[in-house]
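Asks: Can you keep this structure in mind? I'll have questions shortly.
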Amino acid sequence: MSLGYDDTPTIPESVYKVHDGDRPQPKVVTPIEWSQENFYMLPPSDAVVLFDGTDLSGWTKKGDESTPAGWKVENGYMEVVPGTGDIQTKELIGDCQLHVEFASPEVVKGDGQGRGNSGVFLMGKYEFQVLDCFDNPTYSDGTVGGIYGQYPPLVNSSRKSGEWQTYDIIWEAPKFDETKLLSPARVTILLNGVVVQNAKVLQGPTEHRITTKYVHHDAKLPLSLQDHGDLVRFRNIWYREIGEIK
């Protein structure tokens with residue numbers, strides 16, 4: 001079974017193609033142990049809570065601020081309702097520390113990209129993959145913890161299917177001067193307490209099967225979550241603004 005594609009462009013400064021099935025798989029490591037029943041990472045005092053488990057009043061349908069988010073909320077989490085579309089925050093976010101907890105469906109269905117697929121999109125443009133990658137190989141730049149279509153994670157620190165997992169993301173947004181790119185986006189990602197991206201410079205927005213370049217955009221934009229048709233759950237989403245001390 002092929003894990004990827006052989007008809008996609010070569011990634012800049014790489015010998016591999018986008019979603020290349022021959023790109024090495026990340027090493028599997030055991031994540032930090034925690035109690036699935038009792039663990040819940042409380043936000044810091046200066047965090048902005050984007051979802052506290054009660055409602056989606058701070059979210060809308062992606063690209064349509066007049067349409068409420070169509071996902072369901074129950075038992076302290078939100079869950080994708082397939083076909084309702086991606087959702088985005090009303091809050092505009094730039095450089096930040098972001099915390100997201102997510103879980104794939106407990107009942108395992110499908111394989112590869114067809115199992116527990118969603119995504120966390122910083123600024124609605126830069127995707128960090130959400131996927132059930134427990135004993136589920138796929139093209140490596142589409143693995144959970146990966147910068148989609150650009151960089152595989154350093155390791156695969158996934159938990160078992162259906163268990164709650166954590167993303168902690170340090171995000172430096174790209175900087176522009178009118179239409180000129182001054183500095184590219186940079187990200188550090190921890191998946192379940194394990195570093196999977198270390199100060200990685202993005203090549204541009206993330207896309208499926210193509211390479212991209214930066215196009216000028218605002219310094220702050222909404223965060224979005226993907227409806228990829230799977231019943232992925234999210235909870236306890238918050239962020240902190242980061243920047244230089246003045």
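Convention: chains lettered A, B, ... in structure tokens order; per-chain residue numbering from 1; ligands numbered from 1 as shown.
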Residues of region 90-236 of chain A classed as helix (DSSP H, G or I) by DSSP on the backbone are to be reported as a list in words.
Replies: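 For region 90-236 of chain A, the helix (DSSP H, G or I) set is Gly112, Gln113, Gly114, Ser140, Asp141 and Gly142 of chain A.
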Asks: Show which residues sit within 9 Å of Gly145 (chain A), as a list in words. Count only C-alpha atoms, and ignore same-chain residues fewer than 2 positions away.
Replies: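 Result of the neighbour search: Phe128, Gln129, Val130, Leu131, Asp141, Gly142, Thr143, Ile147, Tyr148, Pro152, Pro153, Leu154, Val155, Asn156, Ser157, Ser158, Tyr167, Ile189, Leu190, Leu191, Val196 and Gln197 of chain A.
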Asks: Counting only C-alpha atoms, which residues of region 43-159 of chain A fall within 10 Å of region 209-223 of chain A, and what is the closest atom pair for each with its distance in Å at one decimal, ordered by chain and rising number, as CSV?
Replies:
```
residue,atom,partner,partner_atom,distance
A:Leu50,CA,A:Leu223,CA,9.5
A:Trp59,CA,A:Pro222,CA,9.4
A:Lys62,CA,A:Pro222,CA,8.9
A:Gly63,CA,A:Pro222,CA,9.8
A:Ile87,CA,A:Leu223,CA,8.5
A:Gln88,CA,A:Leu223,CA,5.5
A:Thr89,CA,A:Pro222,CA,5.2
A:Lys90,CA,A:Pro222,CA,6.4
A:Glu91,CA,A:Pro222,CA,5.9
A:Leu92,CA,A:Leu221,CA,4.5
A:Ile93,CA,A:Lys220,CA,4.7
A:Gly94,CA,A:Lys220,CA,4.4
A:Asp95,CA,A:Lys220,CA,8.1
A:Leu98,CA,A:Leu223,CA,9.9
A:Val120,CA,A:Leu223,CA,7.6
A:Phe121,CA,A:Leu223,CA,5.9
A:Leu122,CA,A:Leu223,CA,5.1
A:Met123,CA,A:Leu221,CA,4.7
A:Gly124,CA,A:Leu223,CA,5.5
A:Lys125,CA,A:Leu223,CA,8.7
A:Tyr126,CA,A:Leu223,CA,9.5
A:Tyr148,CA,A:Arg209,CA,9.8
A:Gly149,CA,A:Arg209,CA,7.0
A:Gln150,CA,A:Thr211,CA,8.2
```
Asks: Based on DSSP run over this structure's backbone, return all residues of region 9-227 of chain A in strand (DSSP E or B), as a ChimeraX atom specification.
Replies: /A:10,17,20,27-28,48-51,59-61,64-68,72-74,77-79,87-93,96-103,118-122,126-130,147,151,155-156,165-172,175-177,180-183,186-191,194-201,221-225
Asks: Take the residues that were just selected and, keeping C-alpha atoms, output them as an mmCIF file, in the first residue's frame.
Replies:
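What follows is the written file out_37.cif:
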```
data_model
loop_
_atom_site.group_PDB
_atom_site.id
_atom_site.type_symbol
_atom_site.label_atom_id
_atom_site.label_comp_id
_atom_site.auth_asym_id
_atom_site.auth_seq_id
_atom_site.Cartn_x
_atom_site.Cartn_y
_atom_site.Cartn_z
ATOM 1 C CA THR A 10 9.435 18.708 -4.725
ATOM 2 C CA LYS A 17 8.058 15.603 -2.743
ATOM 3 C CA ASP A 20 6.096 11.719 -0.344
ATOM 4 C CA LYS A 27 10.398 7.350 15.225
ATOM 5 C CA VAL A 28 7.683 6.255 17.665
ATOM 6 C CA VAL A 48 -7.337 34.056 26.753
ATOM 7 C CA VAL A 49 -9.720 31.090 26.873
ATOM 8 C CA LEU A 50 -11.053 30.255 23.427
ATOM 9 C CA PHE A 51 -13.118 27.229 24.468
ATOM 10 C CA TRP A 59 -16.556 30.708 17.250
ATOM 11 C CA THR A 60 -18.154 31.011 13.797
ATOM 12 C CA LYS A 61 -18.160 29.093 10.545
ATOM 13 C CA ASP A 64 -18.527 33.549 7.435
ATOM 14 C CA GLU A 65 -18.679 35.486 10.694
ATOM 15 C CA SER A 66 -22.481 35.722 10.435
ATOM 16 C CA THR A 67 -22.941 31.943 10.657
ATOM 17 C CA PRO A 68 -22.541 30.258 14.061
ATOM 18 C CA LYS A 72 -21.784 20.101 18.824
ATOM 19 C CA VAL A 73 -20.793 20.707 22.447
ATOM 20 C CA GLU A 74 -21.274 18.106 25.181
ATOM 21 C CA TYR A 77 -15.762 19.155 24.636
ATOM 22 C CA MET A 78 -16.697 20.192 21.118
ATOM 23 C CA GLU A 79 -16.998 17.579 18.368
ATOM 24 C CA ILE A 87 -14.833 26.740 12.377
ATOM 25 C CA GLN A 88 -12.826 29.772 13.446
ATOM 26 C CA THR A 89 -12.431 32.021 16.465
ATOM 27 C CA LYS A 90 -13.882 35.496 16.674
ATOM 28 C CA GLU A 91 -10.624 36.331 18.453
ATOM 29 C CA LEU A 92 -7.769 37.515 16.233
ATOM 30 C CA ILE A 93 -4.409 35.970 17.130
ATOM 31 C CA CYS A 96 1.222 33.269 20.753
ATOM 32 C CA GLN A 97 1.547 30.267 23.000
ATOM 33 C CA LEU A 98 -1.395 28.024 22.112
ATOM 34 C CA HIS A 99 -2.757 25.035 24.033
ATOM 35 C CA VAL A 100 -5.227 22.603 22.427
ATOM 36 C CA GLU A 101 -6.469 19.219 23.632
ATOM 37 C CA PHE A 102 -7.937 16.799 21.097
ATOM 38 C CA ALA A 103 -9.061 13.195 20.758
ATOM 39 C CA SER A 118 -8.613 17.266 11.465
ATOM 40 C CA GLY A 119 -6.221 20.176 11.788
ATOM 41 C CA VAL A 120 -5.266 23.212 13.850
ATOM 42 C CA PHE A 121 -4.772 26.215 11.571
ATOM 43 C CA LEU A 122 -2.879 29.163 13.005
ATOM 44 C CA TYR A 126 -0.857 27.287 8.617
ATOM 45 C CA GLU A 127 -1.930 23.744 9.484
ATOM 46 C CA PHE A 128 -0.572 21.536 12.224
ATOM 47 C CA GLN A 129 -1.972 18.121 11.569
ATOM 48 C CA VAL A 130 -4.460 16.330 13.785
ATOM 49 C CA ILE A 147 3.573 20.944 9.584
ATOM 50 C CA TYR A 151 7.833 18.911 7.704
ATOM 51 C CA VAL A 155 9.059 11.772 16.493
ATOM 52 C CA ASN A 156 5.597 10.225 16.703
ATOM 53 C CA GLN A 165 -3.820 14.420 23.572
ATOM 54 C CA THR A 166 -2.197 17.836 23.961
ATOM 55 C CA TYR A 167 -0.742 20.308 21.527
ATOM 56 C CA ASP A 168 1.388 23.110 22.959
ATOM 57 C CA ILE A 169 2.478 25.450 20.202
ATOM 58 C CA ILE A 170 4.816 28.448 20.278
ATOM 59 C CA TRP A 171 3.948 30.479 17.198
ATOM 60 C CA GLU A 172 5.792 33.390 15.624
ATOM 61 C CA LYS A 175 6.034 39.682 9.416
ATOM 62 C CA PHE A 176 5.382 41.857 6.378
ATOM 63 C CA ASP A 177 6.192 45.408 5.319
ATOM 64 C CA LYS A 180 7.271 42.383 1.321
ATOM 65 C CA LEU A 181 8.033 39.450 3.621
ATOM 66 C CA LEU A 182 10.340 40.607 6.400
ATOM 67 C CA SER A 183 10.498 37.329 8.331
ATOM 68 C CA ARG A 186 8.410 29.973 12.899
ATOM 69 C CA VAL A 187 6.942 27.331 15.198
ATOM 70 C CA THR A 188 7.877 25.031 18.070
ATOM 71 C CA ILE A 189 5.407 22.244 18.837
ATOM 72 C CA LEU A 190 5.077 19.812 21.720
ATOM 73 C CA LEU A 191 2.764 16.835 21.250
ATOM 74 C CA VAL A 194 7.371 15.855 23.573
ATOM 75 C CA VAL A 195 9.054 18.321 21.181
ATOM 76 C CA VAL A 196 8.057 17.388 17.633
ATOM 77 C CA GLN A 197 8.959 20.664 15.857
ATOM 78 C CA ASN A 198 11.846 22.817 17.078
ATOM 79 C CA ALA A 199 11.838 26.476 15.946
ATOM 80 C CA LYS A 200 10.922 25.312 12.445
ATOM 81 C CA VAL A 201 10.659 27.947 9.703
ATOM 82 C CA LEU A 221 -6.123 36.477 12.175
ATOM 83 C CA PRO A 222 -8.549 33.856 13.529
ATOM 84 C CA LEU A 223 -7.516 30.379 14.630
ATOM 85 C CA SER A 224 -9.452 27.669 12.807
ATOM 86 C CA LEU A 225 -10.181 23.967 13.293
#
```
Asks: Closest to Thr206 (chain A) among A:Gln25, A:Asp230, A:Ala185, A:Gly116, using only C-alpha atoms?
Replies: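 Residue with the minimum atom-to-atom distance to Thr206 (chain A): A:Ala185.
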Asks: Could you check how far CA of Val80 (chain A) sits from CA of Glu163 (chain A), in Å to one decimal?
Replies: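 The value is 16.2 Å.
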Asks: Which is closest to Thr30 (chain A) among A:Pro105, A:Pro43, A:Pro184, A:Gly193, if we use only C-alpha atoms?
Replies: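 Closest residue, counting only C-alpha atoms: A:Gly193.
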Asks: With distances taken over only C-alpha atoms, which of A:Asp22, A:Val232, A:Pro82, A:Glu13 is nearest to Val107 (chain A)?
Replies: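 Among the listed residues, A:Val232 lies closest to Val107 (chain A).
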Asks: Interatomic distance between CA of Thr8 (chain A) and CA of Val144 (chain A)?
Replies: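 Between these atoms lies a distance of 20.4 Å.
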